[in-house]
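The next block holds one structure in the form of structure tokens; read it before the comments.
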Amino acid sequence: MPAFRNPVLPGCYPDASICRVGEDFYLVTSSFTYFPGLPLFHSRDLVRWRQLTHVLDRPGLLALEGLDVSDGVWAPTIRHHDGTFYVVSTLAVNRQGSLTFVVTASDPAGPWSDPVPLEAEGIDPSLFFDDDGRCWLTACRDAVQGGPGELWMRELDLERLKLVGPTHVLWQGAVRGAWVEAPHLYKRNGVYHLIAAEGGTESNHSVTAARSGTVTGPYVTDPRSPLLTHRHRGPGEPIHNVGHADLVDTPVGEWWAVTLGVRPIAGTHTLGREVFLVPVTWTAHGPVFAPETGAVRLSERLPSIASAQPDVATTVPPDRPHSGSDGDTAVPGGRPHSGPDGDTAAPTGRADFGGLEWNSLRGPVGDRVRPTADGSGLDLDLAPDPLSSTGVPAFLGRRQQHVRFGARTRISFAAARPSEEAGLAVFQHQDHHATLALTVDGDGQAQAVLTVREAGTSTRRASVPVSTGEVLLAVDGDEAGYTFRVKDLTAAQWISLATIERSFFSTERAGGFVGVYLGLYATGNGHASDGRARVHWFEYQPEPGTAG
Ligand code: 6LW
């Protein structure tokens with residue numbers, strides 16, 4: 001039977017929400033403090049996704065400065081009604097408060113409206129359009145502050161984009177106090193089915209459900225809850241933390257769900273919460289997830305809309321051997337950079353810094369970080385904000401999407417003083433990352449330095465003198481660790497600085513809700529500087545390199 005490989009979107013794309021218009025599926029995910037915000041993808045077969053745009057694609061829409069990396073834009077829902085696309089989401093601020101907002105567009109590729117704030121308490125908003133055309137917003141509250149959590153509903157006046165009428169408390173979950181969140185509502189055969197996530201987004205995560213004959217409730221727990229979870233499946237299970245689902249039907253009447261999950265190795269994961277596709281059927285009781293296996297699987301049968309397209313079975317190319325580029329050889333045999341509709345992972349090979357996979361932190365980097373004319377290089381002006389700040393550092397990064405990967409860059413930078421640095425970052429959090437950077441020591445000797453930051457402390461792990469301010473920097477990851485290497489342009493060999501164990505970069509170790517980003521950065525570490533770094537190229541491959 002033709003199959004596809006899960007996750008359909010690898011890397012940090014949590015809290016996916018999905019809708020269909022005709023033959024077109026659209027999907028949005030959380031983006032936290034990464035900018036632009038709310039990546040939006042398109043697919044015709046549910047399996048191959050291509051990013052169309054970001055819903056929050058311009059500066060000044062939401063204030064992200066000062067926020068922890070894992071705060072910011074959480075858990076959007078996308079729906080289409082009567083010619084208009086709606087995305088509702090929440091700006092979560094320091095876990096002390098939140099701002100829920102709605103944006104609209106007639107074309108999902110944009111332009112999207114500015115966010116319209118809604119007077120909605122809590123997080124994880126969703127929209128439901130009833131048969132009579134009325135729109136209901138559901139959300140969960142008290143989850144940010146740590147209370148037991150409950151799902152509530154209010155009508156959304158579509159003309160004024162304003163919540164109106166009374167608040168209806170819908171449900172406190174199958175298990176009271178178990179962090180009921182991520183509500184989505186569906187109507188089938190006259191019954192309203194509310195699904196939710198319970199157990200928190202880690203190992204107890206699950207999909208639960210309740211139903212009602214009336215949209216505003218009361219909702220009664222579906223006794224089959226949890227309808228989907230991997231919490232009992234043990235350490236041999238490749239996919240964990242499954243939950244936070246959204247359902248969609250296909251033009252031929254099949255149902256599927258997108259759900260988040262992680263792929264840990266020895267108990268820790270680095271790629272973040274990824275998007276998995278799960279078959280769904282309906283019975284009189286409600287939705288049945290993965291009816292044949294009861295589990296989300298790495299290899300799953302293709303949706304029947306996809307089987308009609310024979311090339312889909314090869315949607316996720318097998319890992320390719322790295323062709324071992326040294327410095328300036330052509331793009332090694334990766335997928336074509338700007339592939340046809342259907343490239344699921346962000347492009348591999350040489351970077352195009354104008355591509356949608358590139359994000360900065362907390363806002364636009366403006367003209368401090370400029371792609372070169374052909375997009376393959378990057379000029380970075382040294383920003384005072386270091387990566388450890390909660391400002392907008394001179395940083396541009398992309399998701400790590402494969403456990404085994406190789407990233408390398410050629411960079412020119414002459415630091416004027418030891419506080420100035422520019423290079424490669426493996427970034428989980430402002431207080432949890434590693435950098436391999438060019439700088440100078442107190443005598444003005446250029447060197448490459450590997451620094452690890454954890455819980456507020458930066459530790460220099462290794463350094464090596466380099467002869468000029470132009471080097472190749474590399475980081476290669478695998479199941480065991482991340483190995484950092486430097487190659488002086490005048491030297492024949494790569495120098496290995498250190499391997500940091502993979503679990504250091506895990507969400508379990510760093511905390512928070514995101515996965516690893518790989519990026520380029522430049523900073524004066526609190527000092528203004530007119531220094532500038534030039535990244536000649538950056539390359540990401542789904543296989544560790546064989547440098548040297
Ligand atoms: C998301 C919520 C969650 O809003 O994490 O723990 C939040 N669960 O559903 C951020 O992804």
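Chains: A, B, ... in order of the structure tokens. Residues: from 1 per chain. Ligands: from 1, in order shown.
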Next on the checklist: For the structure I just gave you, how does DSSP split segment 59-184 of chain A - specifically, which residues are strand (DSSP E)? Reply as a PyMOL selection string.
Outcome noted: chain A and resi 72-81+84-93+97-105+116-118+123-129+135-141+150-157+162-171+181-184
Please produce a file of those selected residues containing C-alpha atoms, as a PDB file, in the first residue's frame.
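Result file is again-v3.pdb:
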ATOM      1  CA  GLY A  72       4.936  35.014  21.782  1.00  0.00           C
ATOM      2  CA  VAL A  73       2.559  33.682  19.166  1.00  0.00           C
ATOM      3  CA  TRP A  74       0.850  30.467  20.263  1.00  0.00           C
ATOM      4  CA  ALA A  75      -1.516  27.877  18.877  1.00  0.00           C
ATOM      5  CA  PRO A  76      -3.354  29.461  15.927  1.00  0.00           C
ATOM      6  CA  THR A  77      -6.519  28.134  14.301  1.00  0.00           C
ATOM      7  CA  ILE A  78      -7.267  28.619  10.597  1.00  0.00           C
ATOM      8  CA  ARG A  79     -10.792  28.458   9.200  1.00  0.00           C
ATOM      9  CA  HIS A  80     -12.521  29.556   5.992  1.00  0.00           C
ATOM     10  CA  HIS A  81     -16.064  30.866   5.804  1.00  0.00           C
ATOM     11  CA  THR A  84     -12.846  34.819   4.034  1.00  0.00           C
ATOM     12  CA  PHE A  85      -9.955  33.103   5.792  1.00  0.00           C
ATOM     13  CA  TYR A  86      -9.727  33.646   9.535  1.00  0.00           C
ATOM     14  CA  VAL A  87      -6.746  32.963  11.773  1.00  0.00           C
ATOM     15  CA  VAL A  88      -7.137  33.351  15.527  1.00  0.00           C
ATOM     16  CA  SER A  89      -4.144  33.092  17.815  1.00  0.00           C
ATOM     17  CA  THR A  90      -2.747  34.400  21.078  1.00  0.00           C
ATOM     18  CA  LEU A  91       0.231  36.535  21.966  1.00  0.00           C
ATOM     19  CA  ALA A  92       1.410  34.949  25.218  1.00  0.00           C
ATOM     20  CA  VAL A  93       3.416  37.372  27.335  1.00  0.00           C
ATOM     21  CA  GLY A  97      -1.120  37.450  30.385  1.00  0.00           C
ATOM     22  CA  SER A  98      -2.159  37.038  26.855  1.00  0.00           C
ATOM     23  CA  LEU A  99      -3.730  38.859  23.968  1.00  0.00           C
ATOM     24  CA  THR A 100      -6.003  36.912  21.650  1.00  0.00           C
ATOM     25  CA  PHE A 101      -6.464  38.314  18.161  1.00  0.00           C
ATOM     26  CA  VAL A 102      -8.035  37.554  14.800  1.00  0.00           C
ATOM     27  CA  VAL A 103      -6.673  38.279  11.328  1.00  0.00           C
ATOM     28  CA  THR A 104      -8.489  37.859   8.035  1.00  0.00           C
ATOM     29  CA  ALA A 105      -7.661  37.521   4.337  1.00  0.00           C
ATOM     30  CA  VAL A 116      -7.785  42.709  15.701  1.00  0.00           C
ATOM     31  CA  PRO A 117      -7.669  42.176  19.474  1.00  0.00           C
ATOM     32  CA  LEU A 118     -10.478  40.116  20.985  1.00  0.00           C
ATOM     33  CA  ILE A 123      -4.990  30.695  25.040  1.00  0.00           C
ATOM     34  CA  ASP A 124      -5.622  28.313  22.134  1.00  0.00           C
ATOM     35  CA  PRO A 125      -8.550  30.092  20.453  1.00  0.00           C
ATOM     36  CA  SER A 126     -10.529  28.321  17.754  1.00  0.00           C
ATOM     37  CA  LEU A 127     -13.477  29.245  15.535  1.00  0.00           C
ATOM     38  CA  PHE A 128     -16.540  27.214  14.646  1.00  0.00           C
ATOM     39  CA  PHE A 129     -19.082  28.251  11.995  1.00  0.00           C
ATOM     40  CA  CYS A 135     -19.412  32.028  14.460  1.00  0.00           C
ATOM     41  CA  TRP A 136     -18.323  30.786  17.887  1.00  0.00           C
ATOM     42  CA  LEU A 137     -14.922  31.336  19.426  1.00  0.00           C
ATOM     43  CA  THR A 138     -13.718  28.668  21.834  1.00  0.00           C
ATOM     44  CA  ALA A 139     -10.582  28.924  23.949  1.00  0.00           C
ATOM     45  CA  CYS A 140      -9.107  27.620  27.169  1.00  0.00           C
ATOM     46  CA  ARG A 141      -8.478  29.778  30.191  1.00  0.00           C
ATOM     47  CA  GLU A 150     -11.600  25.043  31.299  1.00  0.00           C
ATOM     48  CA  LEU A 151     -12.911  25.510  27.796  1.00  0.00           C
ATOM     49  CA  TRP A 152     -15.260  28.394  27.162  1.00  0.00           C
ATOM     50  CA  MET A 153     -17.144  29.888  24.222  1.00  0.00           C
ATOM     51  CA  ARG A 154     -18.517  33.224  23.030  1.00  0.00           C
ATOM     52  CA  GLU A 155     -20.085  34.292  19.812  1.00  0.00           C
ATOM     53  CA  LEU A 156     -17.902  36.257  17.402  1.00  0.00           C
ATOM     54  CA  ASP A 157     -19.735  38.990  15.517  1.00  0.00           C
ATOM     55  CA  LYS A 162     -16.066  41.522  18.325  1.00  0.00           C
ATOM     56  CA  LEU A 163     -17.064  38.934  20.892  1.00  0.00           C
ATOM     57  CA  VAL A 164     -20.707  39.334  21.847  1.00  0.00           C
ATOM     58  CA  GLY A 165     -23.231  37.732  24.167  1.00  0.00           C
ATOM     59  CA  PRO A 166     -22.618  35.592  27.230  1.00  0.00           C
ATOM     60  CA  THR A 167     -19.644  33.366  27.977  1.00  0.00           C
ATOM     61  CA  HIS A 168     -20.510  29.679  28.019  1.00  0.00           C
ATOM     62  CA  VAL A 169     -18.295  27.365  30.032  1.00  0.00           C
ATOM     63  CA  LEU A 170     -18.149  24.218  27.922  1.00  0.00           C
ATOM     64  CA  TRP A 171     -16.027  21.629  29.654  1.00  0.00           C
ATOM     65  CA  GLU A 181      -6.506  23.108  26.086  1.00  0.00           C
ATOM     66  CA  ALA A 182      -6.448  23.259  22.273  1.00  0.00           C
ATOM     67  CA  PRO A 183     -10.222  23.026  21.728  1.00  0.00           C
ATOM     68  CA  HIS A 184     -11.661  22.573  18.246  1.00  0.00           C
TER      69      HIS A 184
END
Checklist entry - If we count only C-alpha atoms, what is near Leu40 of chain A at a cut-off of 12 Å, once residues fewer than 2 positions away on the same chain are taken out, given as a VMD selection string? => result chain A and resid 9 13 16 to 19 25 to 31 36 to 38 42 to 43 49 to 57 76 to 78 85 87 107 to 110 112 356 to 357
Writer output for current selection, N, CA and C atoms, as a compact mmCIF listing (two decimals), in the first residue's frame:
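Result file is result39.txt:
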# COMPACT_ATOMS: atom_id res chain seq x y z
N LEU A 9 5.53 17.69 8.44
CA LEU A 9 6.35 18.91 8.57
C LEU A 9 7.36 18.67 9.68
N TYR A 13 7.32 22.98 14.42
CA TYR A 13 6.05 23.51 13.88
C TYR A 13 4.90 23.03 14.76
N ALA A 16 -0.37 22.64 15.06
CA ALA A 16 -0.88 22.86 13.71
C ALA A 16 -2.40 22.89 13.69
N SER A 17 -2.92 23.77 12.85
CA SER A 17 -4.36 23.83 12.58
C SER A 17 -4.53 23.79 11.06
N ILE A 18 -5.63 23.19 10.62
CA ILE A 18 -5.78 22.89 9.19
C ILE A 18 -7.20 23.21 8.74
N CYS A 19 -7.34 23.65 7.48
CA CYS A 19 -8.67 23.77 6.89
C CYS A 19 -8.57 23.46 5.41
N PHE A 25 -5.69 22.54 0.81
CA PHE A 25 -5.58 22.51 2.26
C PHE A 25 -4.61 23.60 2.72
N TYR A 26 -4.92 24.20 3.85
CA TYR A 26 -4.07 25.24 4.42
C TYR A 26 -3.77 24.88 5.87
N LEU A 27 -2.56 25.19 6.30
CA LEU A 27 -2.12 24.78 7.63
C LEU A 27 -1.29 25.92 8.24
N VAL A 28 -1.53 26.21 9.50
CA VAL A 28 -0.73 27.22 10.22
C VAL A 28 -0.19 26.60 11.50
N THR A 29 0.91 27.13 12.00
CA THR A 29 1.49 26.63 13.25
C THR A 29 1.94 27.80 14.12
N SER A 30 2.22 27.50 15.38
CA SER A 30 2.78 28.49 16.29
C SER A 30 4.12 28.99 15.78
N SER A 31 4.49 30.20 16.21
CA SER A 31 5.81 30.71 15.82
C SER A 31 6.55 31.36 16.97
N PRO A 36 9.30 36.41 10.60
CA PRO A 36 7.87 36.70 10.66
C PRO A 36 7.12 35.58 11.39
N GLY A 37 5.86 35.87 11.78
CA GLY A 37 5.11 34.95 12.62
C GLY A 37 4.03 34.19 11.86
N LEU A 38 3.64 33.07 12.44
CA LEU A 38 2.55 32.22 11.93
C LEU A 38 2.81 31.76 10.48
N HIS A 42 0.51 25.35 2.23
CA HIS A 42 -0.53 24.87 1.32
C HIS A 42 -0.20 23.44 0.88
N SER A 43 -1.24 22.64 0.68
CA SER A 43 -1.07 21.29 0.15
C SER A 43 -2.30 20.90 -0.64
N TRP A 49 3.73 19.69 1.80
CA TRP A 49 3.33 21.05 2.16
C TRP A 49 4.36 22.04 1.67
N ARG A 50 3.88 23.14 1.15
CA ARG A 50 4.78 24.21 0.72
C ARG A 50 4.37 25.48 1.43
N GLN A 51 5.34 26.18 1.97
CA GLN A 51 4.99 27.41 2.68
C GLN A 51 4.58 28.49 1.69
N LEU A 52 3.42 29.12 1.95
CA LEU A 52 2.93 30.19 1.09
C LEU A 52 3.40 31.55 1.56
N THR A 53 3.35 31.72 2.89
CA THR A 53 3.63 33.03 3.44
C THR A 53 3.73 32.91 4.95
N HIS A 54 3.86 34.05 5.62
CA HIS A 54 3.63 34.14 7.06
C HIS A 54 2.39 35.04 7.24
N VAL A 55 1.52 34.63 8.16
CA VAL A 55 0.32 35.44 8.38
C VAL A 55 0.70 36.79 8.99
N LEU A 56 1.68 36.77 9.88
CA LEU A 56 2.17 38.03 10.50
C LEU A 56 3.48 38.37 9.80
N ASP A 57 3.38 38.98 8.63
CA ASP A 57 4.55 39.06 7.75
C ASP A 57 5.22 40.41 7.74
N PRO A 76 -2.33 28.84 16.77
CA PRO A 76 -3.35 29.46 15.93
C PRO A 76 -4.39 28.44 15.46
N THR A 77 -5.53 28.95 15.03
CA THR A 77 -6.52 28.13 14.30
C THR A 77 -6.81 28.83 12.99
N ILE A 78 -6.88 28.06 11.90
CA ILE A 78 -7.27 28.62 10.60
C ILE A 78 -8.60 28.03 10.17
N PHE A 85 -10.77 33.92 4.89
CA PHE A 85 -9.95 33.10 5.79
C PHE A 85 -9.79 33.85 7.11
N VAL A 87 -7.71 33.60 10.86
CA VAL A 87 -6.75 32.96 11.77
C VAL A 87 -6.91 33.64 13.13
N ASP A 107 -7.33 36.00 0.35
CA ASP A 107 -6.39 35.08 -0.27
C ASP A 107 -5.42 34.63 0.82
N PRO A 108 -5.29 33.32 1.05
CA PRO A 108 -4.40 32.88 2.14
C PRO A 108 -2.94 33.27 1.92
N ALA A 109 -2.56 33.54 0.65
CA ALA A 109 -1.20 34.00 0.39
C ALA A 109 -1.00 35.45 0.81
N GLY A 110 -2.07 36.10 1.25
CA GLY A 110 -2.03 37.47 1.72
C GLY A 110 -2.58 38.43 0.69
N TRP A 112 -2.77 39.65 4.66
CA TRP A 112 -3.57 39.42 5.85
C TRP A 112 -3.77 40.76 6.56
N LEU A 356 11.48 31.70 2.73
CA LEU A 356 10.52 31.79 3.85
C LEU A 356 10.98 31.02 5.08
N GLU A 357 11.99 30.17 4.94
CA GLU A 357 12.42 29.38 6.10
C GLU A 357 13.30 30.18 7.07
Checklist entry - Could you name the residues that touch segment 202-210 of chain A at 10 Å or less, counting only C-alpha atoms, but leaving out those on the same chain fewer than 3 positions away, as a VMD selection string? => result chain A and resid 170 to 175 178 to 185 192 to 199 217 to 232 240 to 246 259 to 262 273 285 to 287 289 508 513
Any chance you can output those residues with C-alpha atoms as a PDB file, in the first residue's frame?
ATOM      1  CA  LEU A 170     -18.149  24.218  27.922  1.00  0.00           C
ATOM      2  CA  TRP A 171     -16.027  21.629  29.654  1.00  0.00           C
ATOM      3  CA  GLN A 172     -13.259  21.098  32.174  1.00  0.00           C
ATOM      4  CA  GLY A 173     -11.825  18.090  30.415  1.00  0.00           C
ATOM      5  CA  ALA A 174     -12.111  14.334  30.784  1.00  0.00           C
ATOM      6  CA  VAL A 175      -9.901  14.624  33.870  1.00  0.00           C
ATOM      7  CA  ALA A 178      -5.340  17.946  33.550  1.00  0.00           C
ATOM      8  CA  TRP A 179      -4.629  21.072  31.475  1.00  0.00           C
ATOM      9  CA  VAL A 180      -7.502  20.931  29.064  1.00  0.00           C
ATOM     10  CA  GLU A 181      -6.506  23.108  26.086  1.00  0.00           C
ATOM     11  CA  ALA A 182      -6.448  23.259  22.273  1.00  0.00           C
ATOM     12  CA  PRO A 183     -10.222  23.026  21.728  1.00  0.00           C
ATOM     13  CA  HIS A 184     -11.661  22.573  18.246  1.00  0.00           C
ATOM     14  CA  LEU A 185     -15.348  22.050  17.503  1.00  0.00           C
ATOM     15  CA  TYR A 192     -21.340  18.968  18.265  1.00  0.00           C
ATOM     16  CA  HIS A 193     -18.014  17.253  18.910  1.00  0.00           C
ATOM     17  CA  LEU A 194     -15.471  19.157  20.957  1.00  0.00           C
ATOM     18  CA  ILE A 195     -11.938  17.805  20.910  1.00  0.00           C
ATOM     19  CA  ALA A 196      -9.176  19.041  23.166  1.00  0.00           C
ATOM     20  CA  ALA A 197      -5.671  18.314  24.362  1.00  0.00           C
ATOM     21  CA  GLU A 198      -5.140  17.108  27.906  1.00  0.00           C
ATOM     22  CA  GLY A 199      -2.197  16.162  30.069  1.00  0.00           C
ATOM     23  CA  GLY A 217     -23.398  22.950  25.713  1.00  0.00           C
ATOM     24  CA  PRO A 218     -23.628  21.349  28.176  1.00  0.00           C
ATOM     25  CA  TYR A 219     -20.878  19.072  26.855  1.00  0.00           C
ATOM     26  CA  VAL A 220     -20.579  15.519  28.148  1.00  0.00           C
ATOM     27  CA  THR A 221     -17.227  13.725  28.210  1.00  0.00           C
ATOM     28  CA  ASP A 222     -16.780  11.134  25.497  1.00  0.00           C
ATOM     29  CA  PRO A 223     -16.091   8.051  27.650  1.00  0.00           C
ATOM     30  CA  ARG A 224     -13.610   6.795  25.056  1.00  0.00           C
ATOM     31  CA  SER A 225     -11.257   9.616  26.100  1.00  0.00           C
ATOM     32  CA  PRO A 226      -8.368   9.726  25.533  1.00  0.00           C
ATOM     33  CA  LEU A 227      -9.115   9.197  21.881  1.00  0.00           C
ATOM     34  CA  LEU A 228      -5.441   9.376  21.005  1.00  0.00           C
ATOM     35  CA  THR A 229      -2.310   9.297  23.135  1.00  0.00           C
ATOM     36  CA  HIS A 230       1.122   7.680  23.128  1.00  0.00           C
ATOM     37  CA  ARG A 231       1.691   8.069  26.853  1.00  0.00           C
ATOM     38  CA  HIS A 232       1.414   4.310  27.476  1.00  0.00           C
ATOM     39  CA  HIS A 240       5.871  10.703  21.816  1.00  0.00           C
ATOM     40  CA  ASN A 241       3.832  13.568  23.315  1.00  0.00           C
ATOM     41  CA  VAL A 242       1.048  13.155  20.738  1.00  0.00           C
ATOM     42  CA  GLY A 243      -1.871  15.566  21.136  1.00  0.00           C
ATOM     43  CA  HIS A 244      -3.277  18.946  20.078  1.00  0.00           C
ATOM     44  CA  ALA A 245      -5.178  17.715  17.012  1.00  0.00           C
ATOM     45  CA  ASP A 246      -7.272  19.406  14.336  1.00  0.00           C
ATOM     46  CA  THR A 259      -1.424  16.463  15.589  1.00  0.00           C
ATOM     47  CA  LEU A 260       1.822  17.422  17.239  1.00  0.00           C
ATOM     48  CA  GLY A 261       4.375  14.889  18.376  1.00  0.00           C
ATOM     49  CA  VAL A 262       8.093  14.594  19.071  1.00  0.00           C
ATOM     50  CA  ARG A 273       7.139  19.483  18.241  1.00  0.00           C
ATOM     51  CA  HIS A 285     -19.763   8.230  19.177  1.00  0.00           C
ATOM     52  CA  GLY A 286     -17.416  10.642  17.438  1.00  0.00           C
ATOM     53  CA  PRO A 287     -14.049  10.619  15.724  1.00  0.00           C
ATOM     54  CA  PHE A 289      -8.110   8.392  15.442  1.00  0.00           C
ATOM     55  CA  GLU A 508      13.892  18.608  27.977  1.00  0.00           C
ATOM     56  CA  PHE A 513       8.153  24.966  23.689  1.00  0.00           C
TER      57      PHE A 513
END
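Note that DSSP on the backbone gives alpha helix (DSSP H) to these residues of segment 279-504 of chain A: Ser304, Ile305, Ala306 and Ser307 of chain A.
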Output the selection as a CSV table (one decimal), in the first residue's frame - N, CA and C atoms for each residue.
chain,number,residue,atom,x,y,z
A,304,SER,N,-6.3,9.0,0.1
A,304,SER,CA,-6.6,8.5,-1.2
A,304,SER,C,-6.5,9.6,-2.2
A,305,ILE,N,-6.7,10.8,-1.8
A,305,ILE,CA,-6.5,11.9,-2.8
A,305,ILE,C,-5.0,12.0,-3.3
A,306,ALA,N,-4.1,11.5,-2.4
A,306,ALA,CA,-2.7,11.5,-2.8
A,306,ALA,C,-2.3,10.3,-3.6
A,307,SER,N,-3.0,9.2,-3.4
A,307,SER,CA,-2.6,8.0,-4.2
A,307,SER,C,-2.8,8.2,-5.6
Checklist entry - By how many Å are atom CA of His402 of chain A and atom CA of Pro542 of chain A apart? => result 5.8 Å
Item to check | Close residues, segment 470-478 of chain A itself excluded, 7 Å, only C-alpha atoms, min 6 positions apart in chain, as a PyMOL selection string | outcome: chain A and resi 327+403-413+484-489+544-545
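Distances from A:Leu277, A:Leu436, A:Ala498, A:Val514 to ligand 1 were compared using only C-alpha atoms and all ligand atoms, and the smallest one belongs to A:Val514.
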